[in-house]
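Worksheet: the structure to be examined is printed underneath.
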Amino acid sequence: AQKITQTQPGMFVQEKEAVTLDCTYDTSDPSYGLFWYKQPSSGEMIFLIYQGSYDQQNATEGRYSLNFQKARKSANLVISASQLGDSAMYFCAMRGGTSYGKLTFGQGTILTVHP
Amino acid sequence: KAGVTQTPRYLIKTRGQQVTLSCSPISGHRSVSWYQQTPGQGLQFLFEYFSETQRNKGNFPGRFSGRQFSNSRSEMNVSTLELGDSALYLCASTKTGGNTGELFFGEGSRLTVL
């Protein structure tokens, strides 16, 4: 069984500062993928970043980077230079085993960016 | 390139009715999966399809069903609607026939059951 834990129900950050959203996971699958999604109040689930378990380098996508620490089973999202438009719910998710489209999600972290 | 398209975006039904939701994946994507999102339960996996075959199914009653067509488009159906079926239903697609690679969601279909 797979499990994703996001321990921060809510986070606040000042505009232009960096913020880290925590995610830990648990799985017995040797091969898995880790995802971060942003969900604004409109409900759309926006893909941010993906990290494969065998990827040697941490994934980066513009202002987003994934701090992947395999031994600690953590996959924290770092958002640099926060913008007001970053205020949203953020979900960490995992895919493993023989799944193509089956993700296990965490409970999410609400990020609020203050001007 | 067009993203994942879900229709309808919003709908209101009454208890006992049935509903069909549609999902068109990104062109070239052959895997489609469905999720239910509610405030209480969060995001829960419903089922996934690849090449018209159901590959995985979540822990939902038989009232929830789905299918995938030869063009990779997918539909999900909920029969005998209950109040608790009110939720945001999200569809996602991915390209590869494996467990790697990115997975993209549509904007969702928001169902209200009265």
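Residue numbering restarts at 1 for every chain of the structure tokens, chains are lettered A, B, ... in their displayed order, and ligands are numbered from 1 as they appear.
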Proximal residues of chain A relative to chain B (only C-alpha atoms; 6 Å) as an NGL selection string: :A and (44-45 or 99-101)
Export of the given selection (all heavy atoms) as a PDB file, in the first residue's frame:
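Okay, out_33.pdb is ready:
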ATOM      1  N   GLU A  44      -9.557  23.258 -10.928  1.00  0.00           N
ATOM      2  CA  GLU A  44      -8.671  22.595 -11.875  1.00  0.00           C
ATOM      3  C   GLU A  44      -7.414  22.096 -11.181  1.00  0.00           C
ATOM      4  O   GLU A  44      -6.872  22.769 -10.322  1.00  0.00           O
ATOM      5  CB  GLU A  44      -8.287  23.586 -12.980  1.00  0.00           C
ATOM      6  CG  GLU A  44      -7.374  23.023 -14.043  1.00  0.00           C
ATOM      7  CD  GLU A  44      -6.928  24.076 -15.043  1.00  0.00           C
ATOM      8  OE1 GLU A  44      -7.241  25.268 -14.813  1.00  0.00           O
ATOM      9  OE2 GLU A  44      -6.271  23.709 -16.029  1.00  0.00           O
ATOM     10  N   MET A  45      -6.948  20.925 -11.532  1.00  0.00           N
ATOM     11  CA  MET A  45      -5.746  20.338 -10.952  1.00  0.00           C
ATOM     12  C   MET A  45      -4.605  20.584 -11.930  1.00  0.00           C
ATOM     13  O   MET A  45      -4.551  19.976 -13.002  1.00  0.00           O
ATOM     14  CB  MET A  45      -5.951  18.836 -10.725  1.00  0.00           C
ATOM     15  CG  MET A  45      -4.888  18.196  -9.867  1.00  0.00           C
ATOM     16  SD  MET A  45      -5.071  18.621  -8.134  1.00  0.00           S
ATOM     17  CE  MET A  45      -6.401  17.530  -7.684  1.00  0.00           C
ATOM     18  N   SER A  99       0.760   0.670 -11.926  1.00  0.00           N
ATOM     19  CA  SER A  99      -0.248   1.667 -12.262  1.00  0.00           C
ATOM     20  C   SER A  99       0.232   2.620 -13.341  1.00  0.00           C
ATOM     21  O   SER A  99       1.404   2.977 -13.399  1.00  0.00           O
ATOM     22  CB  SER A  99      -0.611   2.464 -11.008  1.00  0.00           C
ATOM     23  OG  SER A  99      -1.413   3.562 -11.340  1.00  0.00           O
ATOM     24  N   TYR A 100      -0.668   3.036 -14.195  1.00  0.00           N
ATOM     25  CA  TYR A 100      -0.370   4.103 -15.135  1.00  0.00           C
ATOM     26  C   TYR A 100      -0.951   5.417 -14.633  1.00  0.00           C
ATOM     27  O   TYR A 100      -0.284   6.442 -14.584  1.00  0.00           O
ATOM     28  CB  TYR A 100      -0.973   3.817 -16.517  1.00  0.00           C
ATOM     29  CG  TYR A 100      -0.514   2.538 -17.154  1.00  0.00           C
ATOM     30  CD1 TYR A 100      -1.250   1.974 -18.184  1.00  0.00           C
ATOM     31  CD2 TYR A 100       0.642   1.894 -16.757  1.00  0.00           C
ATOM     32  CE1 TYR A 100      -0.850   0.807 -18.801  1.00  0.00           C
ATOM     33  CE2 TYR A 100       1.046   0.718 -17.357  1.00  0.00           C
ATOM     34  CZ  TYR A 100       0.290   0.176 -18.387  1.00  0.00           C
ATOM     35  OH  TYR A 100       0.678  -0.973 -18.993  1.00  0.00           O
ATOM     36  N   GLY A 101      -2.221   5.355 -14.263  1.00  0.00           N
ATOM     37  CA  GLY A 101      -2.911   6.580 -13.897  1.00  0.00           C
ATOM     38  C   GLY A 101      -3.463   6.595 -12.492  1.00  0.00           C
ATOM     39  O   GLY A 101      -4.232   7.479 -12.144  1.00  0.00           O
TER      40      GLY A 101
END
Surrounding residues of Pro9 (chain A) excluding itself and chain neighbours under 5 positions, 9 Å, only C-alpha atoms, as a PyMOL selection string: chain A and resi 107-111
Output file for the residues above (C-alpha atoms, as a compact mmCIF listing (two decimals), in the first residue's frame):
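File produced: part35.txt:
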# COMPACT_ATOMS: atom_id res chain seq x y z
CA GLN A 107 -4.49 15.72 2.15
CA GLY A 108 -3.07 18.89 0.69
CA THR A 109 -1.57 22.15 1.96
CA ILE A 110 -3.29 25.49 1.54
CA LEU A 111 -0.72 28.12 0.62
Nearest to Thr80 (chain B), chosen from B:Arg67, B:Ser24, B:Gln36, B:Val113, with only C-alpha atoms counted in the distances: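 Looking only at the distances to Thr80 (chain B), the closest residue turns out to be B:Val113.
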Region 16-114 of chain B: residues DSSP assigns to strand (DSSP E or B), reported as number ranges by chain: B: 19-24, 31-38, 42-50, 53-57, 64-68, 74-78, 87-94, 104-105, 109-113
Which of B:Gln54, B:Thr38, B:Ser74, B:Asn59 sits closest to Pro25 (chain B) [using only C-alpha atoms]: B:Ser74
